[in-house]
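Heads up: the structure comes next, in structure tokens.
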There are 2 protein chains.
Amino acid sequence: MSKLTISKRGREMPPSPIRKLVPFAEAAKKKGIKVYHLNIGQPDIETPEHVLEAVRKSDFKILGYSHSAGNESYRRKLVGYYEKNGISINHNQIIITTGGSEAILFGFMACMDAGDEVIIPEPYYANYNGFAVSAGVNVVPITSHIENGFALPPIEDFEKVITNRTKAIVVCNPNNPTGYLYSKDEMEVLKQIALKHNLYLFADEAYREFCYEEEHFSAMQLEGCDDNVVLMDTISKRYSCCGARIGAFITRNETVYNTALKFAQARLSPPTFGQIAGEAAIDLPDNYFDVTKAAYKARRDLIVERLNAIPGVYCPNPGGAFYAMAKLPIDDSDKFCQWLLEEFSYDNQTLMLAPATGFYGSVDYGKDEVRLAYVLNLEAISAAMDCLQKALEQYPGRQ
Amino acid sequence: MSKLTISKRGREMPPSPIRKLVPFAEAAKKKGIKVYHLNIGQPDIETPEHVLEAVRKSDFKILGYSHSAGNESYRRKLVGYYEKNGISINHNQIIITTGGSEAILFGFMACMDAGDEVIIPEPYYANYNGFAVSAGVNVVPITSHIENGFALPPIEDFEKVITNRTKAIVVCNPNNPTGYLYSKDEMEVLKQIALKHNLYLFADEAYREFCYEEEHFSAMQLEGCDDNVVLMDTISKRYSCCGARIGAFITRNETVYNTALKFAQARLSPPTFGQIAGEAAIDLPDNYFDVTKAAYKARRDLIVERLNAIPGVYCPNPGGAFYAMAKLPIDDSDKFCQWLLEEFSYDNQTLMLAPATGFYGSVDYGKDEVRLAYVLNLEAISAAMDCLQKALEQYPGRQ
């Protein structure tokens, strides 16, 4: 290697905490072992035929750039979608992004400078770290706990870490990785903190539709904090459209909107085919989510019941999304997840889980926790839980 | 507005230099004036039916995430495409990106830190400024001149501005906005500078196929500088696929590749439909470019001839891409381009041009230059040149 160097941020950029296990999963499969993938948030629910058909029937002649904020027709229809969800906005408050990922990046870039701080309750979506490194921003975690189902930490925990560099709070609701659904009261608490300390409230609501008992309350429904709230949304999970790479950056703060739009202009436009898919999805019947929600709820009920029936395991009942966090009687979740793939099998089957360590900003947290994405059918979940039960009996690092 | 502030980089982020004229173009159209758009690089050539059909015939059931580096099948086929172009790489040296834009951003992020410097011959593609601001990197322009057709500035000009913060040179070949095609000898000069000063050579070759007299020589064909070269590519112009948002980040430098891949993992995956389009495009017959190239060449010949026939106008003959830069007898290209839309019409027609000021990093450069994108048919180009000729006769700021 020459004297060429990569950037400091390039070195700091965390690799995907899940992907490091992929070679072990591949090796297991080569040995003929069936691997149940509970490790990633890729829904197995089929993409609605109506959505795929819209792309297949598109009949333009030139696949040109769209508006940098996304097609106006799509943005106008999205206004109706949000209205149905109790969120009142207009199409000039929406920027269509390349996945929710880009919406998060635009928010970090537009609102924070290098050295600024963003508070995120941990455990949190690991890729926030990546966007923070890209933007040079420091993530300041405050810990939520499995004992109370990962409820919002108390105000004091926020105020303890607020400095003059603190610019924003990220709330993912319902939460990835915990599945916790923040209540309206908890959202009001976040609003009070944001208003008192002049912070942005970045709301990641990718799983809005997947709430099993309580209603979802959006950050955009909070009153009196229009300038503070930025919604980072995505159609990936909502309509099983991860590959469309379509999300949205939404805010009533005109300055923030115009600033994010400049970042959007630099990258020209979001993907055209994905926008066609997203626009078509809005026309799905209102009962579309009933079916998917019922499927996810049945899976959640099964996985939570099975987990809590295993000696030494605790899994709080998640109110939304399609993730569950479980506390296991193990020494080290990274070692355990690798061991599951490398050394364990039961009836020629094993399972792949996400070690919770990757979801904590605090070092050494999450060593006895794993995340399970219930994106498999009931039969597969049941078989995977059989494997987990046996594995915990055999694991040498059992505590 | 509250005490909330946007970021410094958000304030510094330049708005699109062309979009500021859009309201004037819309107003002209409302008055019933036909506007010839020579201002943007959106090809009017139809997207190959074979490419659109591949997307329309796709028959998967779940629109899932792809590999963060892009579909392996696509990357393997791309190896063949590059081989045909004299570029030898393997599929593990390619990351499929969301447009060429993301490839540029990944390169800036992976190789440079905030405060580092990148040298770019000006005039240059205006969005490099946007990616530089995102990455906190300073663009150091060195000036190329219309008098010699915007040839590569001499080595001394590079060495005069190289500091210990200089990390890279960007070369766009063939060039946007000048249309200049850098020769093999000029590329060798860039190699020598890169090797001597340990700099990355970022090569943007979006217009590789559009060279009208000389052969294209890629930065990836330079020998002995594998660690220095990063290719930032895109299918947008090549196959009239701007809306696919598919590009590629390519390097033989393993450390840079692995670093860029971490940024790619954070944003999960490039768009699925666009990848299908890109993969299908590789199967286009070898003579596909003959037809498009012939169309662009005829347009170039016409526009250059017409421009140079106008008194006081000079336009060097561009060797590639589909842009021409012209020197006009005017006081201020921004004022002139606005005036064309706001106050001028000839036979109820006018034209929209890109003021060259937006392509220069040096303040007040480009005031007597405009960029013309020849993405209209011959008849429209001819009519637009009629307008320009008349406009220059009438323009009050004529010099």
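Chain labels A, B, ... are given in the sequence in which chains occur in the structure tokens; within each chain residues are numbered consecutively from 1, and ligands are likewise numbered from 1 in the order shown.
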Select from range 69-141 of chain B everything DSSP, run on the backbone, classes as strand (DSSP E or B), then give the selection as a short mmCIF file (atom, residue, chain, number, x, y, z; two decimals) with C-alpha atoms, in the first residue's frame.
data_model
loop_
_atom_site.label_atom_id
_atom_site.label_comp_id
_atom_site.auth_asym_id
_atom_site.auth_seq_id
_atom_site.Cartn_x
_atom_site.Cartn_y
_atom_site.Cartn_z
CA ILE B 94 -17.47 -2.68 -8.02
CA ILE B 95 -20.09 -1.14 -5.74
CA ILE B 96 -23.36 -0.34 -7.49
CA THR B 97 -24.42 3.11 -6.36
CA GLU B 117 -8.71 19.65 -0.25
CA VAL B 118 -9.60 18.31 -3.67
CA ILE B 119 -8.27 19.91 -6.83
CA ILE B 120 -10.68 20.19 -9.74
CA PRO B 121 -9.97 21.87 -13.08
CA GLU B 122 -12.64 24.51 -13.60
CA ASN B 138 -12.68 22.24 0.15
CA VAL B 139 -12.67 22.36 -3.64
CA VAL B 140 -9.52 24.05 -4.95
CA PRO B 141 -10.13 25.04 -8.56
#
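Using only C-alpha atoms, the contacts of Tyr257 in chain B at a cut-off of 9 Å, with sequence neighbours closer than 4 positions omitted, comprise Asn92, Gln93, Ile94, Ile95, Ala110, Phe249, Ile250, Thr251, Arg252, Asn253, Leu261 and Lys262 of chain B.
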Next on the checklist: Ranking A:Asn39, A:Ser362, A:Ser101, A:Asn377 by minimum distance to Thr292 in chain A and counting only C-alpha atoms, which one comes first?
Outcome noted: A:Asn377
Item to check | Residues within 6 Å of range 226-242 of chain A, only C-alpha atoms, excluding chain neighbours under 5 positions, as a ChimeraX atom specification | outcome: /A:43,47,99-100,103,200-206,247-253 /B:63-65
Would you put the residues from that selection into a file with C-alpha atoms, as a compact mmCIF listing (two decimals), in the first residue's frame?
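Final output, saved to out_29.txt:
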# COMPACT_ATOMS: atom_id res chain seq x y z
CA PRO A 43 -40.18 -8.64 5.36
CA THR A 47 -45.13 -6.90 -2.20
CA GLY A 99 -35.07 5.20 1.12
CA GLY A 100 -35.56 6.33 4.68
CA ALA A 103 -34.05 11.16 4.74
CA TYR A 200 -34.85 19.11 16.60
CA LEU A 201 -37.00 16.05 17.06
CA PHE A 202 -36.19 13.59 14.28
CA ALA A 203 -38.95 10.99 14.08
CA ASP A 204 -38.30 7.72 12.26
CA GLU A 205 -41.74 6.19 11.76
CA ALA A 206 -40.90 3.39 9.32
CA GLY A 247 -38.63 7.30 1.63
CA ALA A 248 -39.63 10.82 2.57
CA PHE A 249 -38.20 13.79 4.43
CA ILE A 250 -41.08 15.81 5.86
CA THR A 251 -41.10 18.99 7.90
CA ARG A 252 -43.17 22.11 8.38
CA ASN A 253 -39.97 24.05 9.11
CA LEU B 63 -39.18 -6.22 -3.79
CA GLY B 64 -36.41 -6.89 -1.29
CA TYR B 65 -33.09 -5.29 -0.44
Enumerate, in order of chain and increasing residue number, the residues of chain B with an atom no farther than 6 Å from chain A, each with its shortest atom pair and distance in Å to one decimal, counting only C-alpha atoms, as JSON lines.
{"residue": "B:Leu4", "atom": "CA", "partner": "A:Asn198", "partner_atom": "CA", "distance": 5.7}
{"residue": "B:Ile6", "atom": "CA", "partner": "A:Cys111", "partner_atom": "CA", "distance": 4.5}
{"residue": "B:Ser7", "atom": "CA", "partner": "A:Cys111", "partner_atom": "CA", "distance": 4.8}
{"residue": "B:Gly10", "atom": "CA", "partner": "A:Ala110", "partner_atom": "CA", "distance": 4.9}
{"residue": "B:Pro15", "atom": "CA", "partner": "A:Lys262", "partner_atom": "CA", "distance": 5.4}
{"residue": "B:Glu46", "atom": "CA", "partner": "A:Ile62", "partner_atom": "CA", "distance": 5.0}
{"residue": "B:Thr47", "atom": "CA", "partner": "A:Ile62", "partner_atom": "CA", "distance": 5.0}
{"residue": "B:Arg56", "atom": "CA", "partner": "A:Arg56", "partner_atom": "CA", "distance": 3.9}
{"residue": "B:Lys61", "atom": "CA", "partner": "A:Glu46", "partner_atom": "CA", "distance": 5.6}
{"residue": "B:Ile62", "atom": "CA", "partner": "A:Glu46", "partner_atom": "CA", "distance": 5.0}
{"residue": "B:Leu63", "atom": "CA", "partner": "A:Gly243", "partner_atom": "CA", "distance": 5.1}
{"residue": "B:Gly64", "atom": "CA", "partner": "A:Gly243", "partner_atom": "CA", "distance": 4.7}
{"residue": "B:Tyr65", "atom": "CA", "partner": "A:Gly243", "partner_atom": "CA", "distance": 4.6}
{"residue": "B:Ser101", "atom": "CA", "partner": "A:Arg267", "partner_atom": "CA", "distance": 5.4}
{"residue": "B:Ala110", "atom": "CA", "partner": "A:Gly10", "partner_atom": "CA", "distance": 4.9}
{"residue": "B:Cys111", "atom": "CA", "partner": "A:Ile6", "partner_atom": "CA", "distance": 4.5}
{"residue": "B:Met112", "atom": "CA", "partner": "A:Ser7", "partner_atom": "CA", "distance": 4.9}
{"residue": "B:Asp113", "atom": "CA", "partner": "A:Ser7", "partner_atom": "CA", "distance": 5.3}
{"residue": "B:Asn127", "atom": "CA", "partner": "A:Ala266", "partner_atom": "CA", "distance": 5.2}
{"residue": "B:Gly130", "atom": "CA", "partner": "A:Ala266", "partner_atom": "CA", "distance": 5.5}
{"residue": "B:Asn198", "atom": "CA", "partner": "A:Leu4", "partner_atom": "CA", "distance": 5.6}
{"residue": "B:Cys241", "atom": "CA", "partner": "A:Leu63", "partner_atom": "CA", "distance": 5.1}
{"residue": "B:Cys242", "atom": "CA", "partner": "A:Gly64", "partner_atom": "CA", "distance": 5.0}
{"residue": "B:Gly243", "atom": "CA", "partner": "A:Tyr65", "partner_atom": "CA", "distance": 4.6}
{"residue": "B:Ala244", "atom": "CA", "partner": "A:Pro271", "partner_atom": "CA", "distance": 5.6}
{"residue": "B:Arg245", "atom": "CA", "partner": "A:Pro271", "partner_atom": "CA", "distance": 5.4}
{"residue": "B:Thr259", "atom": "CA", "partner": "A:Gly10", "partner_atom": "CA", "distance": 5.7}
{"residue": "B:Lys262", "atom": "CA", "partner": "A:Pro15", "partner_atom": "CA", "distance": 5.4}
{"residue": "B:Ala266", "atom": "CA", "partner": "A:Asn127", "partner_atom": "CA", "distance": 5.2}
{"residue": "B:Arg267", "atom": "CA", "partner": "A:Ser101", "partner_atom": "CA", "distance": 5.4}
{"residue": "B:Pro271", "atom": "CA", "partner": "A:Arg245", "partner_atom": "CA", "distance": 5.4}
{"residue": "B:Thr272", "atom": "CA", "partner": "A:Gly243", "partner_atom": "CA", "distance": 5.0}
Just the selected residues (N, CA and C atoms), exported as a tab-separated table (two decimals), in the first residue's frame, please.
chain	number	residue	atom	x	y	z
B	4	LEU	N	-33.89	27.58	16.85
B	4	LEU	CA	-33.30	26.45	16.12
B	4	LEU	C	-32.47	26.97	14.97
B	6	ILE	N	-30.04	26.00	11.42
B	6	ILE	CA	-29.60	24.96	10.50
B	6	ILE	C	-28.07	24.93	10.54
B	7	SER	N	-27.51	23.91	9.92
B	7	SER	CA	-26.07	23.72	9.99
B	7	SER	C	-25.33	24.74	9.12
B	10	GLY	N	-25.25	23.43	5.81
B	10	GLY	CA	-26.54	23.63	5.16
B	10	GLY	C	-26.65	25.02	4.55
B	15	PRO	N	-27.27	26.31	-3.88
B	15	PRO	CA	-28.46	25.87	-4.61
B	15	PRO	C	-28.04	25.55	-6.05
B	46	GLU	N	-34.44	8.35	-26.64
B	46	GLU	CA	-35.29	7.40	-25.92
B	46	GLU	C	-34.47	6.32	-25.23
B	47	THR	N	-34.92	5.94	-24.04
B	47	THR	CA	-34.31	4.82	-23.34
B	47	THR	C	-34.54	3.56	-24.18
B	56	ARG	N	-40.17	-4.10	-16.97
B	56	ARG	CA	-41.61	-4.40	-17.07
B	56	ARG	C	-41.88	-5.89	-16.99
B	61	LYS	N	-41.68	-11.68	-6.48
B	61	LYS	CA	-42.87	-11.48	-5.63
B	61	LYS	C	-42.58	-10.49	-4.50
B	62	ILE	N	-41.30	-10.40	-4.12
B	62	ILE	CA	-40.92	-9.50	-3.02
B	62	ILE	C	-39.84	-8.54	-3.50
B	63	LEU	N	-40.13	-7.26	-3.38
B	63	LEU	CA	-39.18	-6.22	-3.79
B	63	LEU	C	-38.21	-5.99	-2.62
B	64	GLY	N	-37.27	-6.91	-2.47
B	64	GLY	CA	-36.41	-6.89	-1.29
B	64	GLY	C	-35.14	-6.07	-1.47
B	65	TYR	N	-34.42	-5.90	-0.36
B	65	TYR	CA	-33.09	-5.29	-0.44
B	65	TYR	C	-32.19	-6.14	-1.32
B	101	SER	N	-23.93	10.19	-8.59
B	101	SER	CA	-23.86	11.12	-7.45
B	101	SER	C	-23.38	10.41	-6.20
B	110	ALA	N	-14.99	8.55	1.86
B	110	ALA	CA	-14.06	7.47	2.23
B	110	ALA	C	-12.61	7.93	2.22
B	111	CYS	N	-12.29	8.88	1.35
B	111	CYS	CA	-10.88	9.25	1.15
B	111	CYS	C	-10.49	10.58	1.77
B	112	MET	N	-11.46	11.39	2.14
B	112	MET	CA	-11.12	12.73	2.63
B	112	MET	C	-11.88	13.06	3.90
B	113	ASP	N	-11.25	13.87	4.74
B	113	ASP	CA	-11.89	14.36	5.95
B	113	ASP	C	-12.24	15.84	5.80
B	127	ASN	N	-22.36	20.16	-9.21
B	127	ASN	CA	-22.73	19.38	-8.03
B	127	ASN	C	-21.54	18.83	-7.25
B	130	GLY	N	-21.63	20.48	-4.08
B	130	GLY	CA	-22.57	19.95	-3.11
B	130	GLY	C	-21.99	18.77	-2.35
B	198	ASN	N	1.01	11.59	-3.78
B	198	ASN	CA	0.11	10.69	-3.04
B	198	ASN	C	-1.32	11.19	-3.01
B	241	CYS	N	-30.86	6.77	-19.08
B	241	CYS	CA	-31.48	6.12	-17.91
B	241	CYS	C	-31.32	6.97	-16.65
B	242	CYS	N	-31.44	8.28	-16.78
B	242	CYS	CA	-31.19	9.16	-15.63
B	242	CYS	C	-32.06	8.80	-14.43
B	243	GLY	N	-33.31	8.42	-14.68
B	243	GLY	CA	-34.24	8.13	-13.59
B	243	GLY	C	-34.01	6.79	-12.91
B	244	ALA	N	-33.16	5.95	-13.49
B	244	ALA	CA	-32.87	4.65	-12.84
B	244	ALA	C	-32.10	4.86	-11.55
B	245	ARG	N	-31.31	5.92	-11.51
B	245	ARG	CA	-30.43	6.24	-10.37
B	245	ARG	C	-29.48	5.07	-10.12
B	259	THR	N	-13.79	0.50	2.62
B	259	THR	CA	-14.28	1.68	3.34
B	259	THR	C	-15.56	2.20	2.69
B	262	LYS	N	-18.63	0.23	3.55
B	262	LYS	CA	-19.28	0.49	4.84
B	262	LYS	C	-20.31	1.62	4.70
B	266	ALA	N	-24.50	1.23	5.21
B	266	ALA	CA	-25.34	2.09	6.04
B	266	ALA	C	-26.63	2.47	5.31
B	267	ARG	N	-26.55	2.63	3.98
B	267	ARG	CA	-27.76	3.00	3.25
B	267	ARG	C	-28.46	1.76	2.64
B	271	PRO	N	-31.18	0.92	-5.76
B	271	PRO	CA	-32.54	0.58	-6.17
B	271	PRO	C	-32.60	-0.70	-7.03
B	272	THR	N	-33.55	-1.55	-6.72
B	272	THR	CA	-33.67	-2.84	-7.40
B	272	THR	C	-34.06	-2.70	-8.87
Next on the checklist: With only C-alpha atoms as the counted atoms, please give the residues lying no more than 12 Å from range 25-36 of chain A, apart from itself and same-chain residues fewer than 4 positions off, as an NGL selection string.
Outcome noted: :A and (18-21 or 40 or 337-353 or 372-388)
Please produce a file of the residues just selected, as an mmCIF file, in the first residue's frame, where the atoms kept are N, CA and C atoms.
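Output file out_7.cif is given in full below:
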data_model
loop_
_atom_site.group_PDB
_atom_site.id
_atom_site.type_symbol
_atom_site.label_atom_id
_atom_site.label_comp_id
_atom_site.auth_asym_id
_atom_site.auth_seq_id
_atom_site.Cartn_x
_atom_site.Cartn_y
_atom_site.Cartn_z
ATOM 1 N N ILE A 18 -24.526 -6.885 11.731
ATOM 2 C CA ILE A 18 -25.126 -8.180 11.383
ATOM 3 C C ILE A 18 -24.302 -8.879 10.303
ATOM 4 N N ARG A 19 -23.792 -8.084 9.357
ATOM 5 C CA ARG A 19 -23.113 -8.697 8.215
ATOM 6 C C ARG A 19 -21.860 -9.471 8.581
ATOM 7 N N LYS A 20 -21.262 -9.144 9.711
ATOM 8 C CA LYS A 20 -20.051 -9.888 10.078
ATOM 9 C C LYS A 20 -20.358 -11.356 10.348
ATOM 10 N N LEU A 21 -21.634 -11.657 10.608
ATOM 11 C CA LEU A 21 -22.016 -13.055 10.842
ATOM 12 C C LEU A 21 -22.346 -13.801 9.551
ATOM 13 N N ILE A 40 -32.599 -10.140 10.141
ATOM 14 C CA ILE A 40 -32.751 -8.881 9.385
ATOM 15 C C ILE A 40 -34.203 -8.486 9.177
ATOM 16 N N CYS A 337 -24.277 -15.802 18.998
ATOM 17 C CA CYS A 337 -24.852 -15.787 17.641
ATOM 18 C C CYS A 337 -23.911 -16.466 16.642
ATOM 19 N N GLN A 338 -22.616 -16.281 16.848
ATOM 20 C CA GLN A 338 -21.639 -16.954 15.978
ATOM 21 C C GLN A 338 -21.643 -18.468 16.249
ATOM 22 N N TRP A 339 -21.708 -18.843 17.519
ATOM 23 C CA TRP A 339 -21.737 -20.247 17.920
ATOM 24 C C TRP A 339 -22.953 -20.960 17.320
ATOM 25 N N LEU A 340 -24.096 -20.257 17.301
ATOM 26 C CA LEU A 340 -25.312 -20.835 16.714
ATOM 27 C C LEU A 340 -25.080 -21.271 15.270
ATOM 28 N N LEU A 341 -24.299 -20.476 14.568
ATOM 29 C CA LEU A 341 -24.072 -20.744 13.142
ATOM 30 C C LEU A 341 -22.893 -21.686 12.922
ATOM 31 N N GLU A 342 -21.905 -21.559 13.784
ATOM 32 C CA GLU A 342 -20.642 -22.266 13.553
ATOM 33 C C GLU A 342 -20.619 -23.664 14.181
ATOM 34 N N GLU A 343 -21.241 -23.797 15.347
ATOM 35 C CA GLU A 343 -21.065 -25.055 16.065
ATOM 36 C C GLU A 343 -22.347 -25.784 16.404
ATOM 37 N N PHE A 344 -23.452 -25.082 16.345
ATOM 38 C CA PHE A 344 -24.698 -25.691 16.791
ATOM 39 C C PHE A 344 -25.573 -26.108 15.615
ATOM 40 N N SER A 345 -26.297 -27.186 15.805
ATOM 41 C CA SER A 345 -27.453 -27.467 14.951
ATOM 42 C C SER A 345 -28.348 -28.448 15.686
ATOM 43 N N TYR A 346 -29.611 -28.384 15.408
ATOM 44 C CA TYR A 346 -30.587 -29.289 16.029
ATOM 45 C C TYR A 346 -31.478 -29.767 14.904
ATOM 46 N N ASP A 347 -31.464 -31.083 14.709
ATOM 47 C CA ASP A 347 -32.270 -31.631 13.614
ATOM 48 C C ASP A 347 -31.838 -30.979 12.286
ATOM 49 N N ASN A 348 -30.528 -30.736 12.208
ATOM 50 C CA ASN A 348 -29.935 -30.114 11.009
ATOM 51 C C ASN A 348 -30.446 -28.693 10.725
ATOM 52 N N GLN A 349 -30.833 -28.003 11.795
ATOM 53 C CA GLN A 349 -31.317 -26.640 11.632
ATOM 54 C C GLN A 349 -30.682 -25.737 12.693
ATOM 55 N N THR A 350 -30.579 -24.450 12.356
ATOM 56 C CA THR A 350 -30.164 -23.479 13.355
ATOM 57 C C THR A 350 -30.826 -22.133 13.049
ATOM 58 N N LEU A 351 -30.471 -21.124 13.809
ATOM 59 C CA LEU A 351 -31.089 -19.819 13.554
ATOM 60 C C LEU A 351 -30.038 -18.711 13.615
ATOM 61 N N MET A 352 -30.336 -17.647 12.909
ATOM 62 C CA MET A 352 -29.440 -16.492 12.891
ATOM 63 C C MET A 352 -30.154 -15.339 13.593
ATOM 64 N N LEU A 353 -29.476 -14.774 14.578
ATOM 65 C CA LEU A 353 -30.025 -13.669 15.366
ATOM 66 C C LEU A 353 -29.109 -12.458 15.261
ATOM 67 N N LEU A 372 -34.690 -10.262 17.593
ATOM 68 C CA LEU A 372 -35.312 -11.230 16.689
ATOM 69 C C LEU A 372 -36.308 -10.496 15.798
ATOM 70 N N ALA A 373 -36.123 -10.590 14.491
ATOM 71 C CA ALA A 373 -37.074 -9.999 13.542
ATOM 72 C C ALA A 373 -38.045 -11.096 13.142
ATOM 73 N N TYR A 374 -39.325 -10.902 13.456
ATOM 74 C CA TYR A 374 -40.277 -11.977 13.133
ATOM 75 C C TYR A 374 -40.839 -11.817 11.719
ATOM 76 N N VAL A 375 -39.944 -12.054 10.795
ATOM 77 C CA VAL A 375 -40.277 -11.910 9.372
ATOM 78 C C VAL A 375 -40.366 -13.276 8.696
ATOM 79 N N LEU A 376 -40.642 -14.294 9.485
ATOM 80 C CA LEU A 376 -40.837 -15.648 8.950
ATOM 81 C C LEU A 376 -42.243 -16.116 9.328
ATOM 82 N N ASN A 377 -42.732 -17.135 8.637
ATOM 83 C CA ASN A 377 -44.075 -17.615 8.958
ATOM 84 C C ASN A 377 -44.078 -18.370 10.289
ATOM 85 N N LEU A 378 -45.263 -18.667 10.779
ATOM 86 C CA LEU A 378 -45.421 -19.229 12.118
ATOM 87 C C LEU A 378 -44.683 -20.553 12.289
ATOM 88 N N GLU A 379 -44.750 -21.365 11.268
ATOM 89 C CA GLU A 379 -44.093 -22.669 11.328
ATOM 90 C C GLU A 379 -42.579 -22.495 11.480
ATOM 91 N N ALA A 380 -42.025 -21.583 10.691
ATOM 92 C CA ALA A 380 -40.580 -21.345 10.754
ATOM 93 C C ALA A 380 -40.193 -20.742 12.103
ATOM 94 N N ILE A 381 -41.003 -19.838 12.604
ATOM 95 C CA ILE A 381 -40.717 -19.246 13.912
ATOM 96 C C ILE A 381 -40.731 -20.333 14.989
ATOM 97 N N SER A 382 -41.686 -21.210 14.906
ATOM 98 C CA SER A 382 -41.790 -22.282 15.888
ATOM 99 C C SER A 382 -40.549 -23.188 15.834
ATOM 100 N N ALA A 383 -40.156 -23.550 14.631
ATOM 101 C CA ALA A 383 -38.968 -24.397 14.475
ATOM 102 C C ALA A 383 -37.722 -23.668 14.975
ATOM 103 N N ALA A 384 -37.648 -22.366 14.702
ATOM 104 C CA ALA A 384 -36.495 -21.586 15.156
ATOM 105 C C ALA A 384 -36.458 -21.529 16.681
ATOM 106 N N MET A 385 -37.624 -21.422 17.299
ATOM 107 C CA MET A 385 -37.671 -21.377 18.761
ATOM 108 C C MET A 385 -37.284 -22.731 19.373
ATOM 109 N N ASP A 386 -37.651 -23.826 18.682
ATOM 110 C CA ASP A 386 -37.171 -25.147 19.116
ATOM 111 C C ASP A 386 -35.643 -25.147 19.134
ATOM 112 N N CYS A 387 -35.067 -24.643 18.060
ATOM 113 C CA CYS A 387 -33.595 -24.583 17.960
ATOM 114 C C CYS A 387 -33.019 -23.749 19.099
ATOM 115 N N LEU A 388 -33.617 -22.574 19.338
ATOM 116 C CA LEU A 388 -33.074 -21.678 20.357
ATOM 117 C C LEU A 388 -33.114 -22.339 21.736
#
Next on the checklist: Can you pull out the residues contacting Pro329 in chain B? Cut-off 10 Å, using only C-alpha atoms, and skip same-chain residues under 4 positions away; I want them as a PyMOL selection string.
Outcome noted: chain B and resi 311-314+333+367-369+392-393+395+397-399
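Neighbouring residues of Leu284 in chain A at 10 Å or closer, counting only C-alpha atoms and skipping chain neighbours under 3 positions away, are Pro48, His50, Val51, Tyr239, Glu279, Ala280, Ala281, Asn287, Tyr288 and Phe289 of chain A.
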